[in-house]
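Input: a single structure, listed below in structure tokens.
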Amino acid sequence: MATKTLQSLERGLDLLFLFSAEQPTLSLPDIAKTLKIPTSTAYRLVATCCKKNVLTRDVQANRYELHASVVRLQQALRARFDIRRVALPYLEELAAASGETSQLFLLQGDEVVCAHAICSPNVIRVMPELGWAVPLHAGALGRAALAFLPEAFLKKYIQRTGLPALTIRTVTDPARLRVLLLQIRRQGFALTFQQTYLGARGIAVPILDYRGAPIASLGISGPHPRFSVQKARSFVPTLIARAKAISGALREFTDGPGLVRAISTARRIPHGGTGRRSRG
């Protein structure tokens, strides 16, 4: 037996799903034509949605667009959707293949924060704690994200932070950092040694959203000389492929013709500032 539904609600939902990033505004005739309903019915639908602060009308253009209040729906999606669940199988695969620690760090302001890590089985290993925050200029996971952020952000970042050193090897010269970031952007990955912890090497790639903006980094870290430059570089194709797969999963989740097109950041990982622990 078919379930009875409210036709008016169905039409209202059909109306909302007409809006997208490619079509952020609609005229009343557009709505009526697309939904194949009389203009009078379309008007009642948009009037109801405007009254409930779901749609708003641009008086000058005489077109309708989604009201800012629907951002609350985005927050609900974020609470349900966790990038860590998507990345976990890839983290496990990377850890098993490399024998080292695989890590997912999320971009949050001037730092990247550890969201998840699969520990190396070796006694001597690099293992960050959940919530550990690292400045963007120090370490592969931070630089992988910083290299793909706008120049305007980089300028302000340097002014805000002053590029503090975590070890005697941390790059703190703005000119040298810019050269390194340009190289990372060209090659698609960051490779660092002793930037956040003496004796550790890290390699990482960015995870990008649908706009091509970094939201996280995926990487592997291990101690020298076991995790050599050659061994680290050998995982670049795999890291890039897995990062693209994660980006694709995020895009698939957010690119439908629904109310919210994309999740620009994942659920915030609580941490108490920039606590430093060993990582490459």
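Chain labels run A, B, ... following the order of the structure tokens; each chain numbers its residues from 1, and ligands are numbered from 1 in the order shown.
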Need to verify the contact set: Lys155 of chain A, 12 Å, only C-alpha atoms, exclusion of same-chain residues closer than 3 positions in sequence. Can you return it as a VMD selection string? chain A and resid 110 146 149 to 152 158 to 163 174 to 175 177 to 178
Could the residues in this selection be written to a file with C-alpha atoms, as a short mmCIF file (atom, residue, chain, number, x, y, z; two decimals), in the first residue's frame?
data_model
loop_
_atom_site.label_atom_id
_atom_site.label_comp_id
_atom_site.auth_asym_id
_atom_site.auth_seq_id
_atom_site.Cartn_x
_atom_site.Cartn_y
_atom_site.Cartn_z
CA ASP A 110 46.58 29.03 11.34
CA LEU A 146 49.42 26.17 3.31
CA LEU A 149 45.91 28.70 0.32
CA PRO A 150 45.70 32.17 -1.29
CA GLU A 151 48.66 34.55 -1.25
CA ALA A 152 46.63 37.00 0.83
CA ILE A 158 53.37 35.36 8.35
CA GLN A 159 52.44 38.64 10.03
CA ARG A 160 50.24 36.96 12.65
CA THR A 161 52.53 34.11 13.62
CA GLY A 162 56.04 35.34 12.93
CA LEU A 163 56.88 31.76 11.82
CA PRO A 174 59.54 34.03 4.88
CA ALA A 175 61.45 34.11 1.59
CA LEU A 177 59.19 29.40 3.01
CA ARG A 178 57.66 30.95 -0.11
#
Among the residues of segment 34-69 of chain A, find those DSSP assigns to helix (DSSP H, G or I) from the backbone and print them as a PyMOL selection string. chain A and resi 34-35+39-51+68-69
Please list as a VMD selection string every residue within 10 Å of Arg84 of chain A, counting only C-alpha atoms and excluding residues in the same chain fewer than 6 positions away. chain A and resid 91 104 to 106 115 to 117 246 266 to 267
In terms of only C-alpha atoms, the residue from A:Ala249, A:Thr192, A:Gly131, A:Ser120 at minimal distance from Arg85 of chain A is A:Ala249
Can you list, as a PyMOL selection string, every residue of segment 106-237 of chain A that DSSP puts in strand (DSSP E or B)? chain A and resi 106-108+111-118+133-135+190-193+200-208+214-223
Could the residues in this selection be written to a file with C-alpha atoms, as a PDB file, in the first residue's frame?
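Okay, selection_28.pdb is ready:
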ATOM      1  CA  LEU A 106      42.333  19.145   9.472  1.00  0.00           C
ATOM      2  CA  LEU A 107      42.938  22.759   8.499  1.00  0.00           C
ATOM      3  CA  GLN A 108      41.745  25.066  11.295  1.00  0.00           C
ATOM      4  CA  GLU A 111      47.071  25.377  12.252  1.00  0.00           C
ATOM      5  CA  VAL A 112      46.434  21.834  11.177  1.00  0.00           C
ATOM      6  CA  VAL A 113      44.966  19.601  13.868  1.00  0.00           C
ATOM      7  CA  CYS A 114      45.279  15.836  14.183  1.00  0.00           C
ATOM      8  CA  ALA A 115      41.896  14.265  13.492  1.00  0.00           C
ATOM      9  CA  HIS A 116      43.031  10.658  13.223  1.00  0.00           C
ATOM     10  CA  ALA A 117      46.213   8.590  13.011  1.00  0.00           C
ATOM     11  CA  ILE A 118      47.017   4.910  12.553  1.00  0.00           C
ATOM     12  CA  ALA A 133      47.850  21.296  16.651  1.00  0.00           C
ATOM     13  CA  VAL A 134      50.778  22.324  14.452  1.00  0.00           C
ATOM     14  CA  PRO A 135      51.408  25.707  12.778  1.00  0.00           C
ATOM     15  CA  ALA A 190      55.239  18.266   0.858  1.00  0.00           C
ATOM     16  CA  LEU A 191      58.304  16.412   2.140  1.00  0.00           C
ATOM     17  CA  THR A 192      59.946  17.617   5.360  1.00  0.00           C
ATOM     18  CA  PHE A 193      62.665  16.486   7.748  1.00  0.00           C
ATOM     19  CA  ALA A 200      61.368  12.573  12.033  1.00  0.00           C
ATOM     20  CA  ARG A 201      60.488  12.773   8.361  1.00  0.00           C
ATOM     21  CA  GLY A 202      57.014  13.474   6.993  1.00  0.00           C
ATOM     22  CA  ILE A 203      55.336  13.446   3.592  1.00  0.00           C
ATOM     23  CA  ALA A 204      51.829  14.765   2.942  1.00  0.00           C
ATOM     24  CA  VAL A 205      49.366  15.867   0.284  1.00  0.00           C
ATOM     25  CA  PRO A 206      46.379  18.218   0.535  1.00  0.00           C
ATOM     26  CA  ILE A 207      42.747  17.144   0.573  1.00  0.00           C
ATOM     27  CA  LEU A 208      40.795  19.694  -1.447  1.00  0.00           C
ATOM     28  CA  PRO A 214      42.510  22.772   1.082  1.00  0.00           C
ATOM     29  CA  ILE A 215      40.483  21.469   4.016  1.00  0.00           C
ATOM     30  CA  ALA A 216      42.830  18.786   5.330  1.00  0.00           C
ATOM     31  CA  SER A 217      46.085  16.924   4.752  1.00  0.00           C
ATOM     32  CA  LEU A 218      46.859  13.226   4.406  1.00  0.00           C
ATOM     33  CA  GLY A 219      50.339  12.039   5.274  1.00  0.00           C
ATOM     34  CA  ILE A 220      52.836   9.503   6.542  1.00  0.00           C
ATOM     35  CA  SER A 221      55.533  10.141   9.153  1.00  0.00           C
ATOM     36  CA  GLY A 222      58.396   8.039  10.454  1.00  0.00           C
ATOM     37  CA  PRO A 223      61.855   8.180  11.988  1.00  0.00           C
TER      38      PRO A 223
END
Taking 5 positions as the minimum chain separation for residues in the same chain, which residues sit within 10 Å of Val46 of chain A when counting only C-alpha atoms? Answer as a list in words. Gly12, Leu15, Leu16, Leu28, Ile31, Thr41, Lys51, Lys52, Val54, Leu55, Thr56, Arg57, Tyr64 and Glu65 of chain A
Saved selection, atoms kept: N, CA and C atoms, as a PDB file, in the first residue's frame:
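File selection_6.pdb, as written:
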ATOM      1  N   GLY A  12       6.902  21.999  -2.171  1.00  0.00           N
ATOM      2  CA  GLY A  12       7.815  22.917  -1.504  1.00  0.00           C
ATOM      3  C   GLY A  12       9.253  22.409  -1.509  1.00  0.00           C
ATOM      4  N   LEU A  15      10.729  22.683  -4.896  1.00  0.00           N
ATOM      5  CA  LEU A  15      11.133  24.075  -5.121  1.00  0.00           C
ATOM      6  C   LEU A  15      12.530  24.325  -4.563  1.00  0.00           C
ATOM      7  N   LEU A  16      12.778  23.895  -3.331  1.00  0.00           N
ATOM      8  CA  LEU A  16      14.069  24.153  -2.701  1.00  0.00           C
ATOM      9  C   LEU A  16      15.207  23.456  -3.438  1.00  0.00           C
ATOM     10  N   LEU A  28      10.028  33.930 -10.539  1.00  0.00           N
ATOM     11  CA  LEU A  28       8.759  33.218 -10.364  1.00  0.00           C
ATOM     12  C   LEU A  28       8.376  32.436 -11.618  1.00  0.00           C
ATOM     13  N   ILE A  31      10.370  29.225 -11.792  1.00  0.00           N
ATOM     14  CA  ILE A  31       9.905  28.225 -10.833  1.00  0.00           C
ATOM     15  C   ILE A  31       8.654  27.530 -11.354  1.00  0.00           C
ATOM     16  N   THR A  41       0.151  29.129  -8.119  1.00  0.00           N
ATOM     17  CA  THR A  41       0.600  28.119  -7.161  1.00  0.00           C
ATOM     18  C   THR A  41       2.053  28.349  -6.778  1.00  0.00           C
ATOM     19  N   LYS A  51       7.959  33.530   4.141  1.00  0.00           N
ATOM     20  CA  LYS A  51       7.407  33.760   5.469  1.00  0.00           C
ATOM     21  C   LYS A  51       8.150  32.936   6.524  1.00  0.00           C
ATOM     22  N   LYS A  52       8.573  31.737   6.139  1.00  0.00           N
ATOM     23  CA  LYS A  52       9.267  30.842   7.071  1.00  0.00           C
ATOM     24  C   LYS A  52      10.789  31.020   7.019  1.00  0.00           C
ATOM     25  N   VAL A  54      12.932  30.614   4.616  1.00  0.00           N
ATOM     26  CA  VAL A  54      13.656  29.604   3.861  1.00  0.00           C
ATOM     27  C   VAL A  54      14.131  30.188   2.540  1.00  0.00           C
ATOM     28  N   LEU A  55      13.304  31.059   1.972  1.00  0.00           N
ATOM     29  CA  LEU A  55      13.668  31.822   0.783  1.00  0.00           C
ATOM     30  C   LEU A  55      13.612  33.313   1.099  1.00  0.00           C
ATOM     31  N   THR A  56      14.283  34.078   0.267  1.00  0.00           N
ATOM     32  CA  THR A  56      14.200  35.528   0.370  1.00  0.00           C
ATOM     33  C   THR A  56      14.123  36.104  -1.043  1.00  0.00           C
ATOM     34  N   ARG A  57      13.497  37.277  -1.165  1.00  0.00           N
ATOM     35  CA  ARG A  57      13.298  37.865  -2.492  1.00  0.00           C
ATOM     36  C   ARG A  57      14.190  39.072  -2.686  1.00  0.00           C
ATOM     37  N   TYR A  64      14.257  35.075  -6.524  1.00  0.00           N
ATOM     38  CA  TYR A  64      14.274  34.458  -5.203  1.00  0.00           C
ATOM     39  C   TYR A  64      15.571  33.676  -4.999  1.00  0.00           C
ATOM     40  N   GLU A  65      16.002  33.624  -3.748  1.00  0.00           N
ATOM     41  CA  GLU A  65      17.208  32.880  -3.398  1.00  0.00           C
ATOM     42  C   GLU A  65      17.041  32.277  -2.011  1.00  0.00           C
TER      43      GLU A  65
END
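Using only C-alpha atoms, the nearest neighbour of Leu136 of chain A within the list A:Thr39, A:Thr101, A:Thr196, A:Thr167 is A:Thr196.
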